[in-house]
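Student: Sharing upload.csv here; it has CSV, C-alpha atoms.
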chain,number,residue,atom,x,y,z
A,1,MET,CA,80.3,99.5,132.7
A,2,LYS,CA,82.5,97.5,135.0
A,3,PRO,CA,85.9,96.5,133.4
A,4,ARG,CA,86.2,92.7,132.8
A,5,ARG,CA,89.7,92.5,134.1
A,6,TRP,CA,91.8,94.4,136.6
A,7,SER,CA,94.4,95.1,133.9
A,8,GLN,CA,91.8,96.8,131.8
A,9,GLN,CA,90.9,99.0,134.8
A,10,VAL,CA,94.5,99.9,135.3
A,11,THR,CA,95.0,100.8,131.7
A,12,GLU,CA,91.9,102.9,131.7
A,13,THR,CA,92.2,104.6,135.1
A,14,SER,CA,95.9,104.6,136.0
A,15,PHE,CA,96.4,106.5,139.1
A,16,ALA,CA,99.8,107.7,137.9
A,17,LEU,CA,99.0,108.7,134.3
A,18,ASP,CA,95.9,110.1,132.6
A,19,LEU,CA,96.1,108.3,129.2
A,20,GLU,CA,94.5,109.5,126.0
A,21,ALA,CA,91.6,107.2,125.0
A,22,GLY,CA,92.7,104.3,122.8
A,23,VAL,CA,96.4,105.3,122.8
A,24,PHE,CA,97.5,101.6,122.6
A,25,THR,CA,95.4,101.0,119.5
A,26,TRP,CA,96.9,103.8,117.4
A,27,ASP,CA,99.0,102.8,114.4
A,28,ASP,CA,101.7,105.5,114.7
A,29,PRO,CA,104.5,104.5,117.2
A,30,ALA,CA,105.7,108.1,117.4
A,31,ALA,CA,102.2,109.3,118.2
A,32,ILE,CA,101.9,106.7,121.0
A,33,ALA,CA,105.2,107.7,122.4
A,34,ARG,CA,104.5,111.4,122.3
A,35,SER,CA,101.1,110.8,124.0
A,36,LEU,CA,102.6,108.6,126.8
A,37,ALA,CA,105.4,111.1,127.3
A,38,ALA,CA,102.9,114.0,127.5
A,39,SER,CA,100.8,112.1,130.0
A,40,ALA,CA,103.8,111.3,132.1
A,41,GLU,CA,105.1,114.9,132.0
A,42,ALA,CA,101.7,116.3,133.0
A,43,SER,CA,101.2,113.9,135.9
A,44,THR,CA,101.7,115.1,139.4
A,45,ARG,CA,100.9,111.7,140.8
A,46,ARG,CA,103.6,109.6,139.4
A,47,LYS,CA,106.3,108.2,141.6
A,48,ALA,CA,109.1,107.6,139.0
A,49,SER,CA,110.6,109.8,136.3
A,50,PRO,CA,108.4,110.7,133.3
A,51,PHE,CA,110.4,108.3,131.1
A,52,GLN,CA,110.1,105.4,133.6
A,53,SER,CA,106.3,106.0,134.1
A,54,ALA,CA,105.6,106.1,130.3
A,55,MET,CA,107.8,103.1,129.6
A,56,SER,CA,106.2,101.2,132.5
A,57,MET,CA,102.7,101.8,131.3
A,58,LEU,CA,103.7,100.7,127.8
A,59,ASN,CA,105.4,97.5,129.1
A,60,PHE,CA,102.4,96.8,131.3
A,61,TYR,CA,100.1,96.9,128.3
A,62,ILE,CA,102.3,94.6,126.2
A,63,ASN,CA,102.9,92.2,129.1
A,64,ARG,CA,99.2,91.9,130.0
A,65,ALA,CA,98.2,91.2,126.4
A,66,GLY,CA,100.7,88.4,126.3
A,67,ARG,CA,100.3,85.8,123.5
A,68,LYS,CA,96.9,87.4,122.5
A,69,LEU,CA,98.7,90.5,121.2
A,70,PRO,CA,98.9,90.2,117.4
A,71,SER,CA,102.4,90.4,116.1
A,72,GLU,CA,101.6,93.5,114.0
A,73,ARG,CA,100.4,95.3,117.2
A,74,ARG,CA,103.4,94.1,119.2
A,75,ALA,CA,105.7,95.5,116.5
A,76,ILE,CA,104.0,98.9,116.7
A,77,LEU,CA,104.2,99.0,120.4
A,78,GLU,CA,107.9,97.9,120.4
A,79,ALA,CA,108.6,100.7,118.0
A,80,ALA,CA,106.8,103.1,120.4
A,81,LYS,CA,109.3,102.0,123.1
A,82,GLU,CA,112.2,102.9,120.8
A,83,GLU,CA,110.5,106.2,120.1
A,84,LEU,CA,110.1,106.9,123.8
A,85,ARG,CA,113.8,106.2,124.3
A,86,ARG,CA,114.6,108.6,121.5
A,87,LEU,CA,112.4,111.3,122.9
A,88,TYR,CA,114.2,111.0,126.3
A,89,GLY,CA,117.7,110.5,124.9
A,90,ARG,CA,118.0,107.0,126.2
A,91,SER,CA,119.6,104.0,124.6
A,92,ALA,CA,118.1,100.5,124.4
A,93,PRO,CA,119.2,98.3,127.3
A,94,ASN,CA,122.0,95.8,126.5
A,95,ARG,CA,120.7,92.3,126.2
A,96,LEU,CA,122.9,89.4,127.3
A,97,GLN,CA,123.8,87.1,124.5
A,98,THR,CA,123.5,83.4,125.3
A,99,GLY,CA,125.2,80.8,123.3
Would you write the structure of this file as structure tokens?
Tutor:
Amino acid sequence: MKPRRWSQQVTETSFALDLEAGVFTWDDPAAIARSLAASAEASTRRKASPFQSAMSMLNFYINRAGRKLPSERRAILEAAKEELRRLYGRSAPNRLQTG
């Protein structure tokens, strides 16, 4: 079956990461983060660090879903980002405060 959109094809057949089926539909942010980290660590085709590759794939999915992503799903995926940072000993980026 041909994917309907190029983003679906990237998510399903990423050249850099071999993702577990349905990883972005799971309800456990820690499980999502562990799966993405394991995929990134196992990959020999990625160009960036495992952390960057895993975070990039997660951000790609969130950004491509855009406004169609339900707030509950977005919250789970944002929590997965925090869990990825924790797994790799990274802190959240500082956000500029605007008045």
Student: By how many Å are CA of Ala31 (chain A) and CA of Tyr88 (chain A) apart?
Tutor: 14.6 Å
Student: What is the distance between CA of Gln52 (chain A) and CA of Asp18 (chain A), in Å to one decimal?
Tutor: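 A separation of 15.0 Å between them.
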Student: Skipping near chain neighbours, those fewer than 2 positions away, what residues fall within 10 Å of Phe24 (chain A) using all atoms listed in the file, listed as number ranges by chain?
Tutor: A: 11, 19-22, 26-29, 32-33, 35-36, 58, 61-62, 73, 76-77, 80
Student: Compile the contact shell of Ser49 (chain A) as a list in words: residues with an atom at most 12 Å away, counting only C-alpha atoms, same-chain residues fewer than 4 positions apart removed.
Tutor: Ala16, Leu17, Ala37, Ser39, Ala40, Glu41, Ala42, Ser43, Thr44, Arg45, Ser53, Ala54, Met55, Ser56 and Tyr88 of chain A
Student: Report the distance between CA of Gly89 (chain A) and CA of Gly66 (chain A) in Å, rounded to one decimal place.
Tutor: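 Answer for the CA of Gly89 (chain A) to CA of Gly66 (chain A) separation: 27.9 Å.
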Student: Quick one: of A:Lys81, A:Arg74, A:Ala92, A:Leu87, who's nearest to Thr25 (chain A), counting only C-alpha atoms?
Tutor: A:Arg74
Student: Could you tell me which of A:Pro50, A:Pro93, A:Arg64, A:Ala75 comes closest to Arg34 (chain A) if we count all atoms listed in the file?
Tutor: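 Closest residue, counting all atoms listed in the file: A:Pro50.
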